[in-house]
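K.L.:
My structure is in work-v3.cif, and what it holds is mmCIF, C-alpha atoms (C1' of nucleotides):
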```cif
data_coords
#
loop_
_atom_site.label_atom_id
_atom_site.label_comp_id
_atom_site.auth_asym_id
_atom_site.auth_seq_id
_atom_site.Cartn_x
_atom_site.Cartn_y
_atom_site.Cartn_z
CA MET A 1 4.32 3.84 -13.95
CA ASN A 2 2.41 0.84 -15.28
CA LYS A 3 4.55 -1.62 -13.39
CA LYS A 4 3.51 -0.19 -10.04
CA LYS A 5 -0.15 -0.36 -11.02
CA ARG A 6 0.10 -4.03 -11.81
CA TYR A 7 2.04 -4.62 -8.62
CA LEU A 8 -0.66 -2.91 -6.54
CA LYS A 9 -3.41 -4.88 -8.25
CA GLU A 10 -1.50 -8.08 -7.68
CA ILE A 11 -1.08 -7.30 -3.99
CA PHE A 12 -4.82 -6.84 -3.65
CA VAL A 13 -5.58 -10.14 -5.35
CA LYS A 14 -3.08 -11.98 -3.18
CA LEU A 15 -4.30 -10.45 0.06
CA PHE A 16 -7.95 -11.03 -0.77
CA GLY A 17 -7.19 -14.62 -1.70
CA PHE A 18 -5.18 -15.20 1.45
CA PHE A 19 -7.25 -13.43 4.10
CA GLY A 20 -10.66 -13.22 2.42
CA PRO A 21 -13.10 -10.30 2.79
CA GLN A 22 -12.67 -8.22 5.94
CA HIS A 23 -16.16 -6.69 6.11
CA TRP A 24 -15.07 -3.32 7.44
CA TRP A 25 -15.98 -0.98 9.16
CA PRO A 26 -16.92 -2.87 12.36
CA ALA A 27 -19.49 -0.32 13.53
CA ASP A 28 -23.22 0.24 13.73
CA GLY A 29 -23.98 3.06 11.30
CA PRO A 30 -22.04 5.97 9.76
CA PHE A 31 -21.96 8.17 12.85
CA GLU A 32 -20.37 5.42 14.88
CA VAL A 33 -17.85 4.91 12.08
CA ALA A 34 -16.79 8.56 12.25
CA ILE A 35 -16.48 8.50 16.03
CA GLY A 36 -14.45 5.31 15.80
CA ALA A 37 -12.22 6.88 13.16
CA ILE A 38 -11.25 9.64 15.59
CA LEU A 39 -10.87 7.35 18.57
CA THR A 40 -8.65 4.87 16.76
CA GLN A 41 -5.98 7.44 15.87
CA ASN A 42 -2.68 5.78 16.73
CA THR A 43 -4.60 3.40 18.96
CA ASN A 44 -5.47 -0.28 19.06
CA TRP A 45 -9.05 -0.95 17.88
CA GLN A 46 -9.60 -3.18 20.88
CA ASN A 47 -9.27 -0.15 23.16
CA VAL A 48 -11.58 1.86 20.93
CA GLU A 49 -14.31 -0.75 21.29
CA LYS A 50 -14.30 -0.24 25.05
CA ALA A 51 -14.66 3.50 24.64
CA ILE A 52 -17.49 3.18 22.12
CA SER A 53 -19.18 0.66 24.36
CA ASN A 54 -19.03 3.20 27.21
CA LEU A 55 -20.59 5.88 25.00
CA LYS A 56 -23.36 3.48 24.01
CA ASN A 57 -24.07 2.48 27.59
CA GLN A 58 -24.28 6.15 28.51
CA GLY A 59 -26.68 6.68 25.63
CA ILE A 60 -24.57 9.50 24.22
CA LEU A 61 -23.44 8.02 20.91
CA ASN A 62 -25.11 10.78 18.90
CA ALA A 63 -24.14 14.31 17.88
CA GLU A 64 -26.43 16.26 20.21
CA ALA A 65 -25.53 14.22 23.29
CA ILE A 66 -21.79 14.48 22.70
CA HIS A 67 -22.23 18.18 22.09
CA SER A 68 -23.97 18.70 25.43
CA THR A 69 -21.76 16.38 27.50
CA PRO A 70 -19.10 18.27 29.52
CA LEU A 71 -15.58 17.82 28.18
CA GLN A 72 -14.24 16.19 31.35
CA THR A 73 -17.14 13.75 31.48
CA LEU A 74 -16.70 12.80 27.85
CA ALA A 75 -12.98 12.31 28.42
CA ARG A 76 -13.72 9.91 31.28
CA PHE A 77 -15.98 7.76 29.11
CA ILE A 78 -13.43 7.40 26.31
CA LYS A 79 -10.48 6.85 28.62
CA PRO A 80 -9.68 3.30 27.39
CA ALA A 81 -8.99 4.67 23.91
CA GLY A 82 -5.97 6.64 25.18
CA TYR A 83 -5.19 10.33 24.53
CA TYR A 84 -8.58 10.84 26.09
CA ASN A 85 -8.25 14.58 26.69
CA VAL A 86 -7.34 15.49 23.12
CA LYS A 87 -9.76 12.97 21.70
CA ALA A 88 -12.62 14.35 23.76
CA ARG A 89 -11.91 17.76 22.25
CA ARG A 90 -11.72 16.21 18.78
CA LEU A 91 -15.05 14.44 19.18
CA LYS A 92 -16.65 17.70 20.24
CA ALA A 93 -15.10 19.57 17.33
CA PHE A 94 -16.47 16.98 14.92
CA VAL A 95 -20.04 16.98 16.23
CA GLN A 96 -19.94 20.78 16.36
CA PHE A 97 -19.05 20.75 12.66
CA LEU A 98 -21.75 18.17 11.98
CA ILE A 99 -24.41 20.22 13.73
CA GLU A 100 -23.40 23.49 12.10
CA GLU A 101 -23.03 22.21 8.56
CA PHE A 102 -25.38 19.22 8.35
CA ARG A 103 -27.98 19.66 11.09
CA GLY A 104 -26.21 16.91 13.05
CA LYS A 105 -27.06 14.30 10.43
CA ILE A 106 -24.01 12.60 8.98
CA GLU A 107 -26.05 11.15 6.12
CA GLU A 108 -26.48 14.66 4.77
CA MET A 109 -22.73 14.89 4.14
CA ALA A 110 -23.09 12.31 1.37
CA SER A 111 -24.78 14.74 -1.05
CA GLU A 112 -21.74 17.02 -1.13
CA ASP A 113 -19.02 16.43 -3.71
CA ILE A 114 -15.92 14.61 -2.47
CA PRO A 115 -13.21 17.29 -2.89
CA SER A 116 -15.05 20.07 -1.07
CA LEU A 117 -16.27 17.73 1.66
CA ARG A 118 -12.75 16.43 2.18
CA LYS A 119 -11.46 19.98 2.43
CA LYS A 120 -14.08 20.83 5.04
CA LEU A 121 -13.31 17.73 7.08
CA LEU A 122 -9.60 18.58 7.07
CA GLN A 123 -10.40 21.97 8.56
CA VAL A 124 -12.03 20.35 11.59
CA TYR A 125 -9.73 20.17 14.62
CA GLY A 126 -8.42 16.64 15.06
CA ILE A 127 -9.28 15.42 11.57
CA GLY A 128 -6.25 14.79 9.36
CA PRO A 129 -6.05 13.04 5.99
CA GLU A 130 -6.48 9.48 7.23
CA THR A 131 -9.42 10.26 9.47
CA ALA A 132 -11.11 12.37 6.78
CA ASP A 133 -10.69 9.63 4.20
CA SER A 134 -11.86 6.95 6.63
CA ILE A 135 -15.06 8.92 7.12
CA LEU A 136 -15.48 9.42 3.37
CA LEU A 137 -14.93 5.75 2.57
CA TYR A 138 -16.25 3.81 5.54
CA ALA A 139 -19.05 6.09 6.71
CA LEU A 140 -20.19 7.59 3.39
CA ASN A 141 -19.12 4.86 0.96
CA LYS A 142 -17.18 7.29 -1.23
CA PRO A 143 -14.41 5.93 -3.51
CA VAL A 144 -11.51 7.36 -1.51
CA PHE A 145 -8.51 5.24 -0.62
CA VAL A 146 -7.30 5.36 2.98
CA VAL A 147 -3.55 5.47 3.59
CA ASP A 148 -2.12 4.60 6.98
CA ALA A 149 1.18 3.73 8.63
CA TYR A 150 0.92 0.10 7.48
CA THR A 151 0.38 1.21 3.88
CA LYS A 152 3.53 3.30 3.97
CA ARG A 153 5.54 0.57 5.61
CA ILE A 154 4.42 -2.15 3.22
CA LEU A 155 4.83 -0.08 0.05
CA SER A 156 8.19 1.12 1.27
CA ARG A 157 9.41 -2.41 1.96
CA HIS A 158 8.29 -3.41 -1.51
CA GLY A 159 10.25 -0.54 -3.01
CA LEU A 160 7.14 1.14 -4.44
CA ILE A 161 7.71 4.40 -2.56
CA ASN A 162 10.46 6.00 -0.56
CA LYS A 163 10.02 6.78 3.11
CA LYS A 164 9.43 10.48 2.54
CA ALA A 165 6.45 9.93 0.21
CA SER A 166 3.52 12.13 1.16
CA TYR A 167 0.03 10.95 2.04
CA GLU A 168 -1.53 12.27 -1.19
CA GLU A 169 1.31 10.82 -3.23
CA ILE A 170 0.65 7.34 -1.89
CA GLN A 171 -3.10 7.74 -2.18
CA SER A 172 -2.84 8.70 -5.84
CA LEU A 173 -0.89 5.51 -6.56
CA PHE A 174 -3.91 3.49 -5.46
CA HIS A 175 -6.36 5.81 -7.18
CA GLN A 176 -4.48 5.30 -10.44
CA ALA A 177 -3.99 1.56 -10.02
CA MET A 178 -7.52 0.55 -8.95
CA GLU A 179 -10.98 1.39 -10.24
CA PRO A 180 -12.73 3.99 -8.07
CA ASP A 181 -14.86 1.31 -6.44
CA PRO A 182 -15.74 1.84 -2.75
CA PHE A 183 -15.92 -1.91 -2.17
CA ILE A 184 -12.41 -2.46 -3.54
CA TYR A 185 -10.96 0.46 -1.57
CA ASN A 186 -12.77 -0.70 1.53
CA GLU A 187 -11.41 -4.22 1.35
CA TYR A 188 -7.95 -3.20 0.20
CA HIS A 189 -7.26 -0.90 3.12
CA ALA A 190 -8.70 -3.40 5.59
CA LEU A 191 -6.54 -6.13 4.09
CA ILE A 192 -3.45 -3.95 4.39
CA VAL A 193 -4.19 -3.43 8.08
CA LYS A 194 -4.70 -7.16 8.46
CA LEU A 195 -1.40 -7.88 6.75
CA GLY A 196 0.34 -5.21 8.79
CA LYS A 197 -0.87 -6.62 12.07
CA THR A 198 -0.11 -10.19 11.11
CA PHE A 199 3.18 -10.12 9.18
CA CYS A 200 4.43 -6.61 8.49
CA ARG A 201 5.04 -5.27 11.96
CA PRO A 202 8.14 -3.15 12.72
CA ARG A 203 9.94 -6.45 12.99
CA PRO A 204 8.53 -8.23 9.94
CA LEU A 205 7.79 -11.92 9.34
CA CYS A 206 8.60 -11.95 5.64
CA ARG A 207 9.03 -15.72 5.44
CA GLU A 208 5.38 -16.27 6.30
CA CYS A 209 4.01 -13.23 4.49
CA PRO A 210 1.55 -14.02 1.67
CA LEU A 211 3.30 -11.35 -0.45
CA ARG A 212 6.67 -12.97 0.22
CA ILE A 213 9.07 -10.30 -0.88
CA ALA A 214 12.60 -11.51 -1.48
CA ARG A 215 15.07 -9.61 0.60
"C1'" DT P 1 8.85 -5.97 30.59
"C1'" DG P 2 8.68 -3.13 27.01
"C1'" DC P 3 6.87 -2.35 22.60
"C1'" DC P 4 3.16 -1.28 19.87
"C1'" DA P 5 -1.40 0.38 18.19
"C1'" DG P 6 -6.11 1.73 11.84
"C1'" DG P 7 -2.71 10.06 13.82
"C1'" DC P 8 -2.85 14.82 14.57
"C1'" DC P 9 -1.52 19.37 16.40
"C1'" DG P 10 1.53 23.15 17.28
"C1'" DG P 11 5.93 25.15 17.56
"C1'" DG P 12 10.44 25.36 15.68
"C1'" DT P 13 13.61 25.26 11.78
"C1'" DA J 1 7.52 22.78 3.43
"C1'" DC J 2 9.30 19.22 6.71
"C1'" DC J 3 10.58 17.67 11.65
"C1'" DC J 4 9.63 16.53 16.23
"C1'" DG J 5 7.71 16.27 21.03
"C1'" DG J 6 3.44 15.53 23.24
"C1'" DC J 7 -0.65 13.06 23.89
"C1'" DA J 8 -2.12 7.72 27.15
"C1'" DT J 9 -4.45 3.32 27.56
"C1'" DG J 10 -4.35 -1.80 27.46
"C1'" DG J 11 -2.84 -6.23 25.26
"C1'" DC J 12 0.65 -9.45 24.00
#
```
Write the structure described by the file as C-alpha coordinates, please.

P.N.:
Amino acid sequence: MNKKKRYLKEIFVKLFGFFGPQHWWPADGPFEVAIGAILTQNTNWQNVEKAISNLKNQGILNAEAIHSTPLQTLARFIKPAGYYNVKARRLKAFVQFLIEEFRGKIEEMASEDIPSLRKKLLQVYGIGPETADSILLYALNKPVFVVDAYTKRILSRHGLINKKASYEEIQSLFHQAMEPDPFIYNEYHALIVKLGKTFCRPRPLCRECPLRIAR
DNA sequence: TGCCAGGCCGGGT
DNA sequence: ACCCGGCATGGC
(Lines of atoms letter the chains of each structure in order from A and count residues from 1; the text may use other names and numbers.)
(Lines give C-alpha, C1' and ligand atoms only; values in the text may rest on other atoms or scores of the structure.)
Protein backbone atom coordinates (compact mmCIF):
# COMPACT_ATOMS: atom_id res chain seq x y z
CA MET A 1 0.00 0.00 0.00
CA ASN A 2 1.67 3.16 -1.28
CA LYS A 3 -0.43 5.41 0.89
CA LYS A 4 0.91 3.84 4.07
CA LYS A 5 4.48 4.25 2.84
CA ARG A 6 4.02 7.94 2.29
CA TYR A 7 2.29 8.26 5.64
CA LEU A 8 5.20 6.57 7.42
CA LYS A 9 7.74 8.76 5.63
CA GLU A 10 5.73 11.82 6.53
CA ILE A 11 5.62 10.83 10.19
CA PHE A 12 9.39 10.54 10.23
CA VAL A 13 9.88 13.96 8.68
CA LYS A 14 7.46 15.55 11.12
CA LEU A 15 8.98 13.91 14.18
CA PHE A 16 12.53 14.71 13.12
CA GLY A 17 11.54 18.31 12.45
CA PHE A 18 9.75 18.61 15.77
CA PHE A 19 12.08 16.80 18.16
CA GLY A 20 15.37 16.85 16.23
CA PRO A 21 17.96 14.04 16.25
CA GLN A 22 17.85 11.77 19.30
CA HIS A 23 21.41 10.41 19.14
CA TRP A 24 20.58 6.92 20.34
CA TRP A 25 21.72 4.53 21.85
CA PRO A 26 22.80 6.29 25.08
CA ALA A 27 25.56 3.81 25.92
CA ASP A 28 29.31 3.42 25.82
CA GLY A 29 30.02 0.77 23.18
CA PRO A 30 28.10 -2.13 21.61
CA PHE A 31 28.35 -4.50 24.57
CA GLU A 32 26.79 -1.95 26.86
CA VAL A 33 24.05 -1.41 24.28
CA ALA A 34 23.18 -5.11 24.32
CA ILE A 35 23.14 -5.28 28.11
CA GLY A 36 20.96 -2.18 28.21
CA ALA A 37 18.61 -3.71 25.65
CA ILE A 38 17.94 -6.63 27.97
CA LEU A 39 17.68 -4.54 31.10
CA THR A 40 15.23 -2.07 29.60
CA GLN A 41 12.62 -4.72 28.75
CA ASN A 42 9.32 -3.27 29.95
CA THR A 43 11.29 -0.92 32.16
CA ASN A 44 12.00 2.78 32.42
CA TRP A 45 15.45 3.69 31.03
CA GLN A 46 16.13 5.77 34.11
CA ASN A 47 16.10 2.62 36.22
CA VAL A 48 18.32 0.84 33.72
CA GLU A 49 20.95 3.56 34.04
CA LYS A 50 21.24 2.85 37.76
CA ALA A 51 21.73 -0.84 37.10
CA ILE A 52 24.36 -0.25 34.41
CA SER A 53 26.09 2.22 36.67
CA ASN A 54 26.27 -0.47 39.37
CA LEU A 55 27.78 -2.94 36.90
CA LYS A 56 30.36 -0.36 35.86
CA ASN A 57 31.29 0.47 39.43
CA GLN A 58 31.73 -3.23 40.12
CA GLY A 59 33.92 -3.48 37.05
CA ILE A 60 31.85 -6.32 35.63
CA LEU A 61 30.41 -4.72 32.51
CA ASN A 62 32.05 -7.29 30.22
CA ALA A 63 31.17 -10.79 29.07
CA GLU A 64 33.71 -12.76 31.12
CA ALA A 65 32.94 -10.94 34.37
CA ILE A 66 29.19 -11.34 34.03
CA HIS A 67 29.74 -14.98 33.18
CA SER A 68 31.76 -15.59 36.35
CA THR A 69 29.59 -13.50 38.70
CA PRO A 70 27.18 -15.62 40.79
CA LEU A 71 23.55 -15.27 39.73
CA GLN A 72 22.38 -13.88 43.08
CA THR A 73 25.17 -11.31 43.14
CA LEU A 74 24.42 -10.19 39.61
CA ALA A 75 20.73 -9.92 40.47
CA ARG A 76 21.58 -7.65 43.41
CA PHE A 77 23.57 -5.27 41.21
CA ILE A 78 20.81 -4.89 38.62
CA LYS A 79 18.02 -4.61 41.17
CA PRO A 80 16.97 -1.03 40.21
CA ALA A 81 16.09 -2.25 36.71
CA GLY A 82 13.26 -4.43 38.07
CA TYR A 83 12.60 -8.11 37.27
CA TYR A 84 16.11 -8.54 38.56
CA ASN A 85 16.00 -12.32 38.96
CA VAL A 86 14.87 -13.08 35.42
CA LYS A 87 17.06 -10.36 33.97
CA ALA A 88 20.12 -11.72 35.74
CA ARG A 89 19.46 -15.07 34.09
CA ARG A 90 18.95 -13.34 30.74
CA LEU A 91 22.21 -11.44 31.00
CA LYS A 92 24.03 -14.66 31.75
CA ALA A 93 22.36 -16.45 28.86
CA PHE A 94 23.43 -13.67 26.52
CA VAL A 95 27.08 -13.57 27.57
CA GLN A 96 27.16 -17.37 27.48
CA PHE A 97 26.00 -17.18 23.86
CA LEU A 98 28.53 -14.44 23.15
CA ILE A 99 31.40 -16.45 24.58
CA GLU A 100 30.42 -19.67 22.84
CA GLU A 101 29.73 -18.21 19.41
CA PHE A 102 31.92 -15.11 19.21
CA ARG A 103 34.73 -15.57 21.72
CA GLY A 104 32.99 -13.02 23.96
CA LYS A 105 33.53 -10.23 21.45
CA ILE A 106 30.30 -8.61 20.32
CA GLU A 107 32.06 -6.90 17.40
CA GLU A 108 32.55 -10.32 15.83
CA MET A 109 28.78 -10.69 15.45
CA ALA A 110 28.82 -7.95 12.82
CA SER A 111 30.43 -10.15 10.15
CA GLU A 112 27.50 -12.58 10.15
CA ASP A 113 24.57 -11.98 7.81
CA ILE A 114 21.50 -10.38 9.37
CA PRO A 115 18.88 -13.16 8.99
CA SER A 116 20.97 -15.95 10.51
CA LEU A 117 22.28 -13.70 13.28
CA ARG A 118 18.75 -12.60 14.12
CA LYS A 119 17.65 -16.22 14.26
CA LYS A 120 20.49 -17.09 16.62
CA LEU A 121 19.73 -14.15 18.89
CA LEU A 122 16.08 -15.17 19.09
CA GLN A 123 17.13 -18.59 20.32
CA VAL A 124 18.91 -17.07 23.32
CA TYR A 125 16.84 -17.17 26.51
CA GLY A 126 15.41 -13.73 27.24
CA ILE A 127 15.95 -12.28 23.78
CA GLY A 128 12.74 -11.68 21.82
CA PRO A 129 12.21 -9.76 18.59
CA GLU A 130 12.57 -6.25 20.00
CA THR A 131 15.70 -7.01 21.98
CA ALA A 132 17.28 -8.88 19.06
CA ASP A 133 16.55 -6.03 16.67
CA SER A 134 17.77 -3.44 19.16
CA ILE A 135 21.09 -5.27 19.32
CA LEU A 136 21.25 -5.54 15.52
CA LEU A 137 20.48 -1.87 14.97
CA TYR A 138 21.93 -0.03 17.95
CA ALA A 139 24.91 -2.23 18.79
CA LEU A 140 25.86 -3.49 15.31
CA ASN A 141 24.49 -0.69 13.13
CA LYS A 142 22.51 -3.09 10.94
CA PRO A 143 19.53 -1.74 8.95
CA VAL A 144 16.84 -3.42 11.06
CA PHE A 145 13.83 -1.50 12.28
CA VAL A 146 12.89 -1.88 15.95
CA VAL A 147 9.21 -2.20 16.81
CA ASP A 148 7.99 -1.59 20.35
CA ALA A 149 4.79 -0.97 22.27
CA TYR A 150 4.80 2.72 21.32
CA THR A 151 5.13 1.84 17.63
CA LYS A 152 2.09 -0.40 17.82
CA ARG A 153 0.08 2.13 19.76
CA ILE A 154 0.89 5.03 17.45
CA LEU A 155 0.35 3.12 14.21
CA SER A 156 -2.86 1.69 15.59
CA ARG A 157 -4.17 5.12 16.57
CA HIS A 158 -3.36 6.36 13.09
CA GLY A 159 -5.30 3.48 11.57
CA LEU A 160 -2.22 2.04 9.83
CA ILE A 161 -2.51 -1.35 11.55
CA ASN A 162 -5.03 -3.19 13.65
CA LYS A 163 -4.29 -4.14 17.22
CA LYS A 164 -3.58 -7.77 16.41
CA ALA A 165 -0.81 -6.95 13.91
CA SER A 166 2.28 -9.06 14.51
CA TYR A 167 5.77 -7.76 15.20
CA GLU A 168 7.15 -8.82 11.81
CA GLU A 169 4.11 -7.40 10.05
CA ILE A 170 4.70 -3.97 11.55
CA GLN A 171 8.43 -4.17 10.97
CA SER A 172 7.95 -4.94 7.29
CA LEU A 173 5.81 -1.81 6.89
CA PHE A 174 8.81 0.29 7.89
CA HIS A 175 11.23 -1.82 5.87
CA GLN A 176 9.09 -1.21 2.78
CA ALA A 177 8.47 2.47 3.46
CA MET A 178 12.01 3.59 4.33
CA GLU A 179 15.41 2.99 2.75
CA PRO A 180 17.42 0.36 4.64
CA ASP A 181 19.55 3.04 6.27
CA PRO A 182 20.72 2.37 9.85
CA PHE A 183 20.78 6.08 10.63
CA ILE A 184 17.16 6.53 9.55
CA TYR A 185 15.99 3.44 11.44
CA ASN A 186 17.96 4.52 14.47
CA GLU A 187 16.44 7.97 14.59
CA TYR A 188 12.95 6.85 13.63
CA HIS A 189 12.59 4.36 16.46
CA ALA A 190 14.09 6.79 18.96
CA LEU A 191 11.70 9.49 17.77
CA ILE A 192 8.74 7.14 18.17
CA VAL A 193 9.78 6.46 21.75
CA LYS A 194 10.15 10.19 22.32
CA LEU A 195 6.70 10.84 20.89
CA GLY A 196 5.23 7.98 22.89
CA LYS A 197 6.62 9.26 26.15
CA THR A 198 5.64 12.84 25.46
CA PHE A 199 2.22 12.72 23.77
CA CYS A 200 1.08 9.19 22.96
CA ARG A 201 0.79 7.64 26.38
CA PRO A 202 -2.15 5.32 27.24
CA ARG A 203 -4.08 8.52 27.82
CA PRO A 204 -2.97 10.53 24.79
CA LEU A 205 -2.45 14.27 24.35
CA CYS A 206 -3.53 14.46 20.73
CA ARG A 207 -4.14 18.22 20.78
CA GLU A 208 -0.47 18.90 21.41
CA CYS A 209 0.91 16.03 19.34
CA PRO A 210 3.11 17.09 16.39
CA LEU A 211 1.33 14.46 14.26
CA ARG A 212 -2.04 15.87 15.26
CA ILE A 213 -4.40 13.16 14.18
CA ALA A 214 -8.02 14.23 13.90
CA ARG A 215 -10.23 12.10 16.03
C1' DT B 1 -1.67 7.13 45.24
C1' DG B 2 -1.64 4.50 41.51
C1' DC B 3 -0.12 4.05 36.94
C1' DC B 4 3.42 3.32 33.89
C1' DA B 5 7.91 1.98 31.80
C1' DG B 6 12.20 1.20 25.07
C1' DG B 7 9.32 -7.38 26.80
C1' DC B 8 9.74 -12.16 27.25
C1' DC B 9 8.75 -16.86 28.91
C1' DG B 10 5.94 -20.83 29.78
C1' DG B 11 1.67 -23.05 30.26
C1' DG B 12 -2.95 -23.38 28.70
C1' DT B 13 -6.41 -23.22 25.05
C1' DA C 1 -1.06 -20.00 16.44
C1' DC C 2 -2.75 -16.71 20.04
C1' DC C 3 -3.73 -15.50 25.13
C1' DC C 4 -2.50 -14.56 29.69
C1' DG C 5 -0.24 -14.47 34.35
C1' DG C 6 4.14 -13.65 36.29
C1' DC C 7 8.15 -11.03 36.80
C1' DA C 8 9.62 -5.80 40.25
C1' DT C 9 11.77 -1.32 40.75
C1' DG C 10 11.44 3.78 40.95
C1' DG C 11 9.57 8.25 39.13
C1' DC C 12 5.86 11.36 38.31

K.L.:
For P:DG6, find every residue with an atom within 12 Å (counting only C-alpha atoms (C1' of nucleotides)), except residues of its own chain fewer than 5 positions away, and show them as a PyMOL selection string.

P.N.:
chain A and resi 24-26+36-48+130-131+133-134+146-151+189-197

K.L.:
Report the residues retrieved by the PyMOL selection byres ((chain A) within 6 of (chain J)) from the displayed file, expressed as an NGL selection string.

P.N.:
:A and (80-83)

K.L.:
Okay, now the selection with C-alpha atoms, as a CSV table (one decimal), in the frame of the given file?

P.N.:
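File out.csv, as written:
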```csv
chain,number,residue,atom,x,y,z
A,80,PRO,CA,-9.7,3.3,27.4
A,81,ALA,CA,-9.0,4.7,23.9
A,82,GLY,CA,-6.0,6.6,25.2
A,83,TYR,CA,-5.2,10.3,24.5
```

K.L.:
What are the closest atom pairs, with distances in Å to one decimal, for all residues of chain P lying within 12 Å of chain A? Consider only C-alpha atoms (C1' of nucleotides), order rows by chain and residue number, and present the result as CSV.

P.N.:
```
residue,atom,partner,partner_atom,distance
P:DC3,C1',A:Pro202,CA,10.0
P:DC4,C1',A:Asn44,CA,8.7
P:DA5,C1',A:Asn44,CA,4.2
P:DG6,C1',A:Thr40,CA,6.4
P:DG7,C1',A:Gln41,CA,4.7
P:DC8,C1',A:Gly126,CA,5.9
P:DC9,C1',A:Gly126,CA,7.5
P:DG10,C1',A:Tyr125,CA,11.9
```

K.L.:
Between atom CA of A:Gln96 and atom CA of A:Ile135, what distance in Å does the model show, to one decimal?

P.N.:
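If I compute the distance from atom CA of A:Gln96 to atom CA of A:Ile135, I get 15.8 Å.
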
K.L.:
With 5 Å of padding per side, what axis-aligned box (centre and edge lengths, Å, one decimal) covers all the listed atoms of stretch 199-203 of chain A? Give it as lines of an AutoDock Vina configuration file.

P.N.:
```
center_x = 6.6
center_y = -6.6
center_z = 10.7
size_x = 16.8
size_y = 17.0
size_z = 14.5
```

K.L.:
On this structure, which residues satisfy the PyMOL selection byres ((chain A and resi 98-113) around 12), written as a PyMOL selection string?

P.N.:
chain A and resi 29-35+62-68+91-97+114-121+124+135-144

K.L.:
Atom CA of A:Leu173 and atom CA of A:Ile213 are how many Å apart?

P.N.:
19.5 Å

K.L.:
Rounded to one decimal, what separation in Å do you get between atom CA of A:Ser53 and atom CA of A:Glu187?

P.N.:
24.8 Å
